[in-house]
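Okay, protein-v9.tsv is below, TSV, C-alpha atoms and all ligand atoms:
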chain	number	residue	atom	x	y	z
A	10	MET	CA	0.00	0.00	0.00
A	11	THR	CA	2.72	2.47	0.91
A	12	GLY	CA	6.48	2.54	0.73
A	13	TYR	CA	6.83	2.61	4.51
A	14	LYS	CA	8.72	-0.18	6.21
A	15	PHE	CA	8.54	-0.52	9.95
A	16	SER	CA	10.78	-2.86	11.81
A	17	ASN	CA	9.26	-4.73	14.77
A	18	LYS	CA	11.48	-2.73	17.10
A	19	LYS	CA	10.21	0.56	15.68
A	20	VAL	CA	6.58	-0.54	16.09
A	21	LYS	CA	7.29	-1.57	19.68
A	22	GLU	CA	9.00	1.73	20.52
A	23	ASN	CA	6.14	3.69	18.96
A	24	ASN	CA	3.67	1.73	21.04
A	25	LEU	CA	5.70	2.28	24.18
A	26	ARG	CA	5.69	6.01	23.53
A	27	LEU	CA	1.94	5.90	22.89
A	28	VAL	CA	1.23	4.07	26.16
A	29	LEU	CA	3.39	6.49	28.16
A	30	MET	CA	1.63	9.42	26.51
A	31	LYS	CA	-1.81	8.05	27.41
A	32	ILE	CA	-0.69	7.69	31.03
A	33	LEU	CA	0.71	11.23	31.12
A	34	GLN	CA	-2.42	12.63	29.43
A	35	ASN	CA	-5.04	10.70	31.41
A	36	SER	CA	-3.48	9.78	34.72
A	37	PRO	CA	-4.76	7.95	36.74
A	38	ILE	CA	-5.69	5.39	34.09
A	39	SER	CA	-6.15	1.61	34.03
A	40	ARG	CA	-4.54	-0.82	31.59
A	41	ILE	CA	-7.99	-1.54	30.12
A	42	GLU	CA	-8.58	2.15	29.43
A	43	ILE	CA	-5.16	2.43	27.77
A	44	SER	CA	-6.06	-0.55	25.60
A	45	LYS	CA	-9.34	1.14	24.59
A	46	LYS	CA	-7.68	4.47	23.85
A	47	THR	CA	-4.77	3.07	21.86
A	48	GLY	CA	-6.36	0.07	20.14
A	49	LEU	CA	-3.52	-2.10	21.45
A	50	THR	CA	-4.37	-5.53	22.88
A	51	ARG	CA	-4.52	-5.87	26.68
A	52	SER	CA	-1.53	-8.19	26.73
A	53	THR	CA	0.56	-5.73	24.66
A	54	VAL	CA	-0.43	-2.91	27.01
A	55	SER	CA	0.50	-5.03	30.05
A	56	GLU	CA	3.90	-5.83	28.58
A	57	LEU	CA	4.62	-2.18	27.76
A	58	VAL	CA	3.38	-0.99	31.16
A	59	LYS	CA	5.75	-3.49	32.78
A	60	ARG	CA	8.66	-1.98	30.85
A	61	LEU	CA	7.70	1.59	31.79
A	62	MET	CA	7.48	0.52	35.43
A	63	GLU	CA	10.90	-1.13	35.21
A	64	GLU	CA	12.31	2.12	33.83
A	65	GLY	CA	10.82	3.88	36.85
A	66	LEU	CA	8.68	6.22	34.75
A	67	ILE	CA	5.29	5.09	36.05
A	68	LYS	CA	3.85	3.28	39.06
A	69	GLU	CA	0.63	1.69	40.26
A	70	SER	CA	-1.68	3.76	42.41
A	71	TYR	CA	-4.18	2.36	44.86
A	72	LYS	CA	-5.44	5.76	45.94
A	73	ASN	CA	-8.42	6.21	43.63
A	74	ILE	CA	-9.34	2.56	43.37
A	75	ASP	CA	-12.74	2.92	45.07
A	76	LYS	CA	-13.84	5.50	42.55
A	77	VAL	CA	-13.76	3.06	39.63
A	78	GLY	CA	-17.13	1.47	38.72
A	79	PRO	CA	-18.57	-1.83	39.97
A	80	GLY	CA	-17.00	-5.27	39.63
A	81	LYS	CA	-13.32	-6.05	39.89
A	82	LYS	CA	-11.41	-2.83	40.48
A	83	PRO	CA	-8.59	-2.32	38.00
A	84	ILE	CA	-5.32	-0.97	39.32
A	85	LEU	CA	-4.65	2.55	38.11
A	86	LEU	CA	-1.39	3.79	36.66
A	87	ILE	CA	0.19	7.16	37.37
A	88	PRO	CA	3.50	8.79	36.44
A	89	GLU	CA	6.33	8.50	38.96
A	90	THR	CA	6.41	11.93	40.59
A	91	GLU	CA	8.99	11.72	43.36
A	92	LYS	CA	12.05	10.07	41.86
A	93	PHE	CA	12.72	11.86	38.59
A	94	PHE	CA	12.67	15.38	37.24
A	95	VAL	CA	13.12	16.91	33.82
A	96	ILE	CA	14.37	20.41	33.19
A	97	GLY	CA	13.30	22.72	30.38
A	98	TYR	CA	15.18	25.83	29.28
A	99	ASP	CA	13.03	28.22	27.27
A	100	LEU	CA	15.52	30.56	25.61
A	101	THR	CA	13.97	33.63	24.05
A	102	VAL	CA	15.48	36.81	22.68
A	103	ILE	CA	14.20	39.03	25.51
A	104	HIS	CA	13.27	36.80	28.50
A	105	SER	CA	14.42	33.24	29.17
A	106	GLU	CA	13.07	30.82	31.75
A	107	ILE	CA	13.99	27.51	33.37
A	108	VAL	CA	11.27	25.12	34.52
A	109	VAL	CA	11.77	21.98	36.57
A	110	MET	CA	8.89	19.51	36.38
A	111	ASN	CA	8.10	16.02	37.53
A	112	LEU	CA	6.84	13.35	35.14
A	113	ASN	CA	3.26	14.35	35.87
A	114	GLY	CA	3.92	17.74	34.29
A	115	ASP	CA	3.72	19.54	37.65
A	116	VAL	CA	6.06	22.52	37.75
A	117	ILE	CA	8.27	22.09	40.82
A	118	THR	CA	10.11	25.36	40.41
A	119	LYS	CA	10.76	27.98	37.75
A	120	ARG	CA	13.25	30.79	37.52
A	121	PRO	CA	14.54	33.34	35.02
A	122	PHE	CA	17.60	32.67	32.89
A	123	ILE	CA	19.83	34.93	30.80
A	124	SER	CA	18.15	36.19	27.60
A	125	LEU	CA	19.29	34.76	24.29
A	126	LYS	CA	20.34	38.22	23.17
A	127	LYS	CA	22.80	38.46	26.06
A	128	LEU	CA	23.81	34.79	25.78
A	129	ILE	CA	24.71	35.17	22.12
A	130	SER	CA	26.73	38.30	22.83
A	131	LEU	CA	29.10	36.27	25.02
A	132	LYS	CA	32.22	35.63	23.00
A	133	ASN	CA	33.47	32.58	24.77
A	134	ILE	CA	31.56	29.29	24.51
A	135	THR	CA	32.98	28.19	27.90
A	136	GLU	CA	31.32	31.25	29.44
A	137	ILE	CA	27.98	30.11	27.95
A	138	LEU	CA	28.37	26.54	29.19
A	139	ASN	CA	29.35	27.80	32.64
A	140	LEU	CA	26.08	29.74	32.88
A	141	PHE	CA	24.13	26.54	32.17
A	142	ILE	CA	26.21	24.59	34.68
A	143	LYS	CA	25.77	27.29	37.34
A	144	SER	CA	21.98	27.34	36.90
A	145	LEU	CA	21.86	23.56	37.07
A	146	GLU	CA	23.97	23.45	40.24
A	147	GLU	CA	21.65	26.01	41.87
A	148	ILE	CA	18.58	23.92	40.98
A	149	LYS	CA	20.17	20.73	42.30
A	150	HIS	CA	21.16	22.48	45.51
A	151	ASP	CA	17.73	24.10	46.05
A	152	LEU	CA	15.79	20.89	45.38
A	153	ASN	CA	18.39	18.71	47.07
A	154	ILE	CA	18.64	16.35	44.09
A	155	SER	CA	21.52	14.63	42.29
A	156	ASN	CA	22.33	14.25	38.57
A	157	GLN	CA	20.80	10.75	38.74
A	158	SER	CA	17.37	12.23	39.52
A	159	ILE	CA	17.45	14.41	36.41
A	160	LYS	CA	16.08	12.40	33.50
A	161	GLY	CA	17.15	15.00	30.99
A	162	ILE	CA	17.31	18.60	29.91
A	163	GLY	CA	15.36	20.10	27.01
A	164	VAL	CA	16.47	23.38	25.49
A	165	ALA	CA	14.06	25.41	23.35
A	166	PHE	CA	15.44	27.95	20.85
A	167	PRO	CA	13.37	30.51	18.94
A	168	GLY	CA	14.74	29.57	15.54
A	169	LEU	CA	15.85	26.89	13.16
A	170	VAL	CA	17.31	23.81	14.75
A	171	SER	CA	18.53	21.59	11.99
A	172	ARG	CA	19.11	17.95	12.83
A	173	ASN	CA	20.76	16.79	9.65
A	174	ASN	CA	24.29	17.62	10.70
A	175	ASN	CA	26.21	18.82	13.69
A	176	SER	CA	25.36	22.46	13.35
A	177	LEU	CA	22.68	24.11	15.39
A	178	SER	CA	21.53	27.19	13.58
A	179	ILE	CA	19.85	29.82	15.68
A	180	THR	CA	17.27	32.34	14.56
A	181	PRO	CA	18.44	34.29	11.47
A	182	ASN	CA	18.07	37.60	13.34
A	183	LEU	CA	20.94	36.70	15.56
A	184	GLU	CA	23.12	35.29	12.81
A	185	ARG	CA	25.07	32.92	14.97
A	186	TYR	CA	25.65	29.23	14.55
A	187	PHE	CA	26.55	26.72	17.18
A	188	ASP	CA	28.11	23.34	16.87
A	189	PHE	CA	25.86	20.52	18.07
A	190	SER	CA	28.86	18.49	19.19
A	191	LEU	CA	29.35	21.04	21.99
A	192	ILE	CA	25.99	20.04	23.39
A	193	ASP	CA	27.01	16.38	23.20
A	194	LYS	CA	30.19	17.15	25.11
A	195	PHE	CA	28.22	19.14	27.68
A	196	SER	CA	25.74	16.29	28.04
A	197	GLU	CA	28.56	13.78	28.45
A	198	LYS	CA	30.24	15.93	31.09
A	199	LEU	CA	27.00	16.14	33.09
A	200	GLY	CA	25.92	12.57	32.45
A	201	ILE	CA	22.45	13.90	31.57
A	202	PRO	CA	20.78	13.64	28.14
A	203	ILE	CA	20.10	17.00	26.47
A	204	VAL	CA	17.66	17.58	23.62
A	205	VAL	CA	17.48	20.78	21.63
A	206	ASP	CA	14.67	21.95	19.36
A	207	ASN	CA	12.87	25.08	18.28
A	208	ASN	CA	10.30	26.58	20.62
A	209	ALA	CA	7.28	25.96	18.35
A	210	ASN	CA	7.98	22.21	18.28
A	211	MET	CA	8.46	22.22	22.05
A	212	LYS	CA	5.16	24.07	22.57
A	213	ALA	CA	3.37	21.65	20.22
A	214	LEU	CA	4.68	18.72	22.24
A	215	GLY	CA	3.61	20.39	25.50
A	216	GLU	CA	0.11	20.87	24.02
A	217	LEU	CA	0.06	17.29	22.77
A	218	ILE	CA	0.69	15.85	26.22
A	219	TYR	CA	-0.80	18.38	28.62
A	220	GLY	CA	-3.20	20.46	26.49
A	221	ILE	CA	-5.32	20.09	23.34
A	222	GLY	CA	-3.74	16.70	22.55
A	223	LYS	CA	-6.05	15.20	25.17
A	224	GLU	CA	-8.94	15.84	22.76
A	225	VAL	CA	-7.57	15.97	19.21
A	226	HIS	CA	-4.95	13.94	17.38
A	227	ASP	CA	-4.10	16.35	14.56
A	228	PHE	CA	-3.43	20.01	15.15
A	229	LEU	CA	-1.29	22.94	14.10
A	230	LEU	CA	0.22	25.10	16.80
A	231	VAL	CA	1.22	28.59	15.72
A	232	ASN	CA	3.44	30.58	18.06
A	233	ILE	CA	3.24	34.32	17.47
A	234	SER	CA	5.84	36.11	19.55
A	235	TYR	CA	9.09	37.90	18.68
A	236	GLY	CA	9.11	35.66	15.60
A	237	ILE	CA	6.51	33.26	14.19
A	238	GLY	CA	6.83	29.49	14.03
A	239	ALA	CA	4.55	26.48	13.91
A	240	GLY	CA	4.56	22.90	15.21
A	241	LEU	CA	2.51	20.31	13.35
A	242	VAL	CA	1.10	17.27	15.14
A	243	ILE	CA	-0.26	14.47	12.97
A	244	GLN	CA	-1.75	11.37	14.56
A	245	ASN	CA	-0.30	12.24	17.97
A	246	GLN	CA	3.21	12.68	16.57
A	247	LEU	CA	5.20	15.80	15.96
A	248	PHE	CA	5.89	16.11	12.23
A	249	ARG	CA	9.47	17.38	11.90
A	250	GLY	CA	10.20	17.18	8.20
A	251	LYS	CA	13.36	15.74	6.70
A	252	TYR	CA	15.79	18.09	8.48
A	253	ASN	CA	13.58	19.15	11.40
A	254	LEU	CA	12.74	22.34	9.55
A	255	SER	CA	8.98	21.96	9.07
A	256	GLY	CA	6.63	24.64	10.39
A	257	GLU	CA	8.38	27.76	9.10
A	258	ILE	CA	5.04	29.47	8.63
A	259	GLY	CA	6.63	32.89	9.31
A	260	HIS	CA	8.18	32.81	5.86
A	261	ILE	CA	5.00	32.10	3.89
A	262	LYS	CA	4.57	34.87	1.33
A	263	VAL	CA	1.40	36.80	2.06
A	264	ALA	CA	2.06	40.01	0.07
A	265	GLU	CA	4.08	41.28	-2.88
A	266	ASP	CA	5.88	43.94	-0.91
A	267	SER	CA	6.92	44.56	2.68
A	268	ASP	CA	9.91	45.42	4.83
A	269	ILE	CA	12.81	43.02	4.40
A	270	CYS	CA	12.32	39.86	6.45
A	271	SER	CA	14.97	38.31	8.68
A	272	CYS	CA	15.37	35.67	5.94
A	273	GLY	CA	16.31	38.37	3.44
A	274	GLU	CA	13.10	38.19	1.39
A	275	LYS	CA	10.07	40.46	1.18
A	276	GLY	CA	6.39	39.69	1.72
A	277	CYS	CA	6.86	37.10	4.50
A	278	LEU	CA	4.20	36.74	7.23
A	279	GLU	CA	6.80	37.68	9.85
A	280	THR	CA	7.18	41.15	8.36
A	281	PHE	CA	3.50	41.85	9.21
A	282	SER	CA	2.57	39.72	12.19
A	283	SER	CA	5.61	39.06	14.37
A	284	VAL	CA	5.98	41.12	17.54
A	285	ARG	CA	9.42	42.17	16.31
A	286	SER	CA	7.99	43.66	13.09
A	287	MET	CA	4.88	45.14	14.71
A	288	VAL	CA	6.87	47.00	17.37
A	289	LYS	CA	9.48	48.21	14.85
A	290	LYS	CA	6.74	49.39	12.48
A	291	TYR	CA	4.94	51.29	15.20
A	292	TYR	CA	7.96	53.29	16.34
A	293	THR	CA	9.04	53.98	12.74
A	294	LYS	CA	5.54	55.26	11.89
A	295	CYS	CA	5.55	57.53	14.92
A	296	ASN	CA	9.14	58.66	14.33
A	297	LYS	CA	10.03	57.53	17.81
A	298	LYS	CA	13.06	55.66	19.11
A	299	LEU	CA	12.59	51.86	19.00
A	300	ASP	CA	11.66	50.22	22.31
A	301	GLU	CA	14.47	47.65	22.56
A	302	ASN	CA	12.40	45.53	24.96
A	303	TYR	CA	9.76	45.01	22.26
A	304	ASP	CA	7.02	45.61	24.81
A	305	MET	CA	3.69	44.83	23.13
A	306	GLY	CA	1.79	45.93	26.23
A	307	LYS	CA	2.40	49.58	25.40
A	308	ILE	CA	1.21	49.22	21.79
A	309	ILE	CA	-1.89	47.31	22.92
A	310	ASN	CA	-2.68	50.26	25.21
A	311	TYR	CA	-2.18	52.76	22.37
A	312	ALA	CA	-4.55	50.75	20.13
A	313	ASN	CA	-7.16	50.56	22.89
A	314	GLN	CA	-6.90	54.34	23.29
A	315	GLY	CA	-7.67	54.79	19.57
A	316	ASP	CA	-4.14	55.40	18.23
A	317	GLN	CA	-4.65	54.90	14.47
A	318	ASN	CA	-1.02	53.89	13.81
A	319	ALA	CA	-1.30	51.11	16.37
A	320	ILE	CA	-4.77	50.03	15.18
A	321	GLN	CA	-3.58	49.73	11.58
A	322	ILE	CA	-0.61	47.59	12.58
A	323	PHE	CA	-2.91	45.20	14.49
A	324	GLN	CA	-5.39	45.05	11.59
A	325	GLU	CA	-2.65	44.15	9.11
A	326	SER	CA	-1.10	41.65	11.48
A	327	GLY	CA	-4.41	39.82	12.03
A	328	PHE	CA	-5.38	39.82	8.36
A	329	TYR	CA	-2.10	38.39	7.08
A	330	LEU	CA	-1.91	35.83	9.86
A	331	GLY	CA	-5.39	34.57	8.90
A	332	LYS	CA	-4.36	34.45	5.26
A	333	ALA	CA	-1.21	32.42	5.95
A	334	ILE	CA	-2.95	29.96	8.28
A	335	GLY	CA	-5.75	29.56	5.71
A	336	ASN	CA	-3.20	28.58	3.05
A	337	VAL	CA	-1.67	26.00	5.35
A	338	LEU	CA	-5.08	24.57	6.32
A	339	ASN	CA	-5.94	23.96	2.66
A	340	ILE	CA	-3.03	21.54	2.54
A	341	ILE	CA	-3.03	19.84	5.93
A	342	ASN	CA	-6.74	19.88	6.94
A	343	VAL	CA	-6.10	19.40	10.68
A	344	GLU	CA	-8.89	19.37	13.28
A	345	SER	CA	-7.63	22.36	15.24
A	346	VAL	CA	-5.32	25.35	15.15
A	347	VAL	CA	-3.92	26.48	18.49
A	348	LEU	CA	-2.60	30.04	18.67
A	349	THR	CA	-0.11	30.83	21.37
A	350	GLY	CA	2.54	33.33	22.43
A	351	GLU	CA	2.17	37.09	22.75
A	352	ILE	CA	-0.87	37.02	20.44
A	353	LYS	CA	-2.96	35.88	23.41
A	354	LYS	CA	-2.60	39.40	24.83
A	355	TYR	CA	-4.09	41.14	21.78
A	356	TRP	CA	-6.31	38.49	20.17
A	357	ASP	CA	-9.47	40.54	20.81
A	358	ILE	CA	-8.01	43.43	18.78
A	359	ILE	CA	-7.09	41.35	15.73
A	360	GLU	CA	-9.76	38.61	15.79
A	361	LYS	CA	-12.06	40.22	13.21
A	362	ASP	CA	-9.25	40.86	10.73
A	363	PHE	CA	-7.81	37.40	11.32
A	364	TYR	CA	-11.06	35.77	10.20
A	365	LYS	CA	-11.24	38.13	7.19
A	366	GLY	CA	-7.82	36.88	6.07
A	367	LEU	CA	-8.67	33.26	6.87
A	368	ASN	CA	-11.87	33.50	4.89
A	369	GLU	CA	-10.03	34.89	1.88
A	370	THR	CA	-7.74	31.89	1.49
A	371	THR	CA	-9.37	28.84	3.11
A	372	LEU	CA	-11.76	26.56	1.23
A	373	PRO	CA	-15.21	27.00	2.87
A	374	LEU	CA	-15.59	23.34	3.81
A	375	ILE	CA	-12.19	23.34	5.50
A	376	GLU	CA	-12.81	26.64	7.31
A	377	LYS	CA	-16.17	25.36	8.58
A	378	ASN	CA	-14.64	22.22	10.05
A	379	THR	CA	-11.51	23.64	11.66
A	380	GLN	CA	-11.53	24.83	15.23
A	381	ILE	CA	-9.33	27.87	15.90
A	382	LYS	CA	-8.50	28.47	19.55
A	383	LEU	CA	-6.09	30.18	21.87
A	384	SER	CA	-3.85	27.95	23.95
A	385	GLU	CA	-5.14	27.52	27.48
A	386	LEU	CA	-1.70	26.71	28.79
A	387	GLY	CA	0.59	29.27	30.39
A	388	GLU	CA	3.85	30.56	28.93
A	389	GLU	CA	5.85	27.92	30.81
A	390	ILE	CA	4.47	25.41	28.29
A	391	THR	CA	7.59	25.90	26.13
A	392	ALA	CA	9.83	24.78	28.96
A	393	ILE	CA	7.36	22.01	29.85
A	394	GLY	CA	7.41	20.92	26.20
A	395	ALA	CA	11.20	21.04	26.24
A	396	ALA	CA	11.21	18.84	29.30
A	397	SER	CA	8.62	16.51	27.70
A	398	MET	CA	10.80	16.13	24.65
A	399	VAL	CA	13.35	14.47	26.89
A	400	LEU	CA	10.77	11.82	27.74
A	401	GLU	CA	9.88	11.40	24.07
A	402	ASP	CA	13.53	11.13	23.11
A	403	MET	CA	14.17	8.47	25.71
A	404	LEU	CA	11.62	6.16	24.12
A	405	ILE	CA	12.55	6.51	20.46
B	501	ZN	ZN	11.08	35.51	5.64

Would you kindly transcribe this structure into structure tokens?
Amino acid sequence: MTGYKFSNKKVKENNLRLVLMKILQNSPISRIEISKKTGLTRSTVSELVKRLMEEGLIKESYKNIDKVGPGKKPILLIPETEKFFVIGYDLTVIHSEIVVMNLNGDVITKRPFISLKKLISLKNITEILNLFIKSLEEIKHDLNISNQSIKGIGVAFPGLVSRNNNSLSITPNLERYFDFSLIDKFSEKLGIPIVVDNNANMKALGELIYGIGKEVHDFLLVNISYGIGAGLVIQNQLFRGKYNLSGEIGHIKVAEDSDICSCGEKGCLETFSSVRSMVKKYYTKCNKKLDENYDMGKIINYANQGDQNAIQIFQESGFYLGKAIGNVLNIINVESVVLTGEIKKYWDIIEKDFYKGLNETTLPLIEKNTQIKLSELGEEITAIGAASMVLEDMLI
């Protein structure tokens, strides 16, 4: 039927990942429920659950046993919450954050970290690594945990993270490239696995496990912040593309002309709808000095007070975002689109124009059947997603 070939091992690992995901999404859950939700036989589920228990990722819970219907009470499964932790670094141009979570997705602690802008400006790579080590030592000290309790570290970057070779390319705005082998060396030195990916993929994974993924299997997450990126989930799996470069929705051409995009082209969605472009445009229009903190809060206030320059920027941003998402929907036809990032703060201002743009490009039948919603998860979802990617990576 298709050209795909799956080895037995690959099928098993996929199933293992699926079972763990169902436990994380629906905890507490019985083996029978997992079997129903995954379509796997009860004996397969039991075998995979046994392996997850041996790895110390999940355990049996007797706490809620009385709440399960009549007849023989099945034992419920829950993630192990005391023994292991995963750490997510959400690196962004202006504000970075570290989140420590347990396997249940509960945030144990979070703290600020050096912004990517400042991190990139450091000349010496040892200086950069030392900052990571220092933050990690502080966390271990504060939580009184050892390296053995840390299952892994996920690092989210706001840019392209190519996986086809050893180079990690960071957002074009910053024009710096890192060598992936450095991360391997760092990981080896710590004895802790480290995974790196772009922030949209991390957010999509966070949504898949702890958010919309509980209800839908196919969705597109669009992150509208300093830049714009997307993470595509198909059949409960993150679709990465050949070189992990899928989801570059910010560079979809939505107009003939515009300011020059960070990629060097004109007409890209980012030049209209990214926070970076919107803030720059506003201060240029008003002949004012650029706010280097890219504070959208101020521009939202101006728009709410009737400032026409601000209103026009929001209108354009909403319209072109709708247009770009509409074009993507015509191809992928997912159940839901989740919008996240700074856009959540000004959605009410752009909503009308967004749907105008969406309507212009999307086929009516597709538009009618696609749910568009704002993410209900907080901003720490990037770091949670980064941490979750560690779990995903462990099983593949
Ligand atoms: Zn571009």

Taking only C-alpha atoms and all ligand atoms into account, report as a PyMOL selection string which residues have an atom no farther than 8 Å from an atom of ligand ZN 501 (chain B).
chain A and resi 259-262+269-280

Keeping only C-alpha atoms, write the selected residues as a PDB file, in the frame of the given file.
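What follows is the written file again.pdb:
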ATOM      1  CA  GLY A 259       6.630  32.890   9.310  1.00  0.00           C
ATOM      2  CA  HIS A 260       8.180  32.810   5.860  1.00  0.00           C
ATOM      3  CA  ILE A 261       5.000  32.100   3.890  1.00  0.00           C
ATOM      4  CA  LYS A 262       4.570  34.870   1.330  1.00  0.00           C
ATOM      5  CA  ILE A 269      12.810  43.020   4.400  1.00  0.00           C
ATOM      6  CA  CYS A 270      12.320  39.860   6.450  1.00  0.00           C
ATOM      7  CA  SER A 271      14.970  38.310   8.680  1.00  0.00           C
ATOM      8  CA  CYS A 272      15.370  35.670   5.940  1.00  0.00           C
ATOM      9  CA  GLY A 273      16.310  38.370   3.440  1.00  0.00           C
ATOM     10  CA  GLU A 274      13.100  38.190   1.390  1.00  0.00           C
ATOM     11  CA  LYS A 275      10.070  40.460   1.180  1.00  0.00           C
ATOM     12  CA  GLY A 276       6.390  39.690   1.720  1.00  0.00           C
ATOM     13  CA  CYS A 277       6.860  37.100   4.500  1.00  0.00           C
ATOM     14  CA  LEU A 278       4.200  36.740   7.230  1.00  0.00           C
ATOM     15  CA  GLU A 279       6.800  37.680   9.850  1.00  0.00           C
ATOM     16  CA  THR A 280       7.180  41.150   8.360  1.00  0.00           C
TER      17      THR A 280
END

Go through A:Phe141, A:Phe228, A:Phe93, A:Tyr311 and flag the residue nearest Tyr355 in chain A, using all atoms listed in the file for the distances.
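For Tyr355 in chain A, the nearest of the candidates is A:Tyr311.
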
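With distances taken over all atoms listed in the file, A:Asp206 is the one residue among A:Glu265, A:Asp206, A:Glu56, A:Asp115 lying closest to Asn253 in chain A.
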
Tell me which protein, DNA and RNA residues are within 12 Å of Ile38 in chain A, counting all atoms listed in the file, leaving out same-chain ones fewer than 4 positions away, and put them as a CSV table (one decimal) with C-alpha atoms, in the frame of the given file.
chain,number,residue,atom,x,y,z
A,28,VAL,CA,1.2,4.1,26.2
A,29,LEU,CA,3.4,6.5,28.2
A,30,MET,CA,1.6,9.4,26.5
A,31,LYS,CA,-1.8,8.0,27.4
A,32,ILE,CA,-0.7,7.7,31.0
A,33,LEU,CA,0.7,11.2,31.1
A,34,GLN,CA,-2.4,12.6,29.4
A,42,GLU,CA,-8.6,2.2,29.4
A,43,ILE,CA,-5.2,2.4,27.8
A,44,SER,CA,-6.1,-0.6,25.6
A,45,LYS,CA,-9.3,1.1,24.6
A,46,LYS,CA,-7.7,4.5,23.8
A,58,VAL,CA,3.4,-1.0,31.2
A,67,ILE,CA,5.3,5.1,36.0
A,68,LYS,CA,3.8,3.3,39.1
A,69,GLU,CA,0.6,1.7,40.3
A,70,SER,CA,-1.7,3.8,42.4
A,71,TYR,CA,-4.2,2.4,44.9
A,72,LYS,CA,-5.4,5.8,45.9
A,73,ASN,CA,-8.4,6.2,43.6
A,74,ILE,CA,-9.3,2.6,43.4
A,76,LYS,CA,-13.8,5.5,42.6
A,77,VAL,CA,-13.8,3.1,39.6
A,82,LYS,CA,-11.4,-2.8,40.5
A,83,PRO,CA,-8.6,-2.3,38.0
A,84,ILE,CA,-5.3,-1.0,39.3
A,85,LEU,CA,-4.6,2.6,38.1
A,86,LEU,CA,-1.4,3.8,36.7
A,87,ILE,CA,0.2,7.2,37.4
A,88,PRO,CA,3.5,8.8,36.4

Which residues come within 8 Å of Met110 in chain A, counting only C-alpha atoms, excluding same-chain residues fewer than 4 positions away, as JSON, numbers by chain?
{"A": [94, 95, 96, 114, 115, 116, 117, 118, 393, 396]}
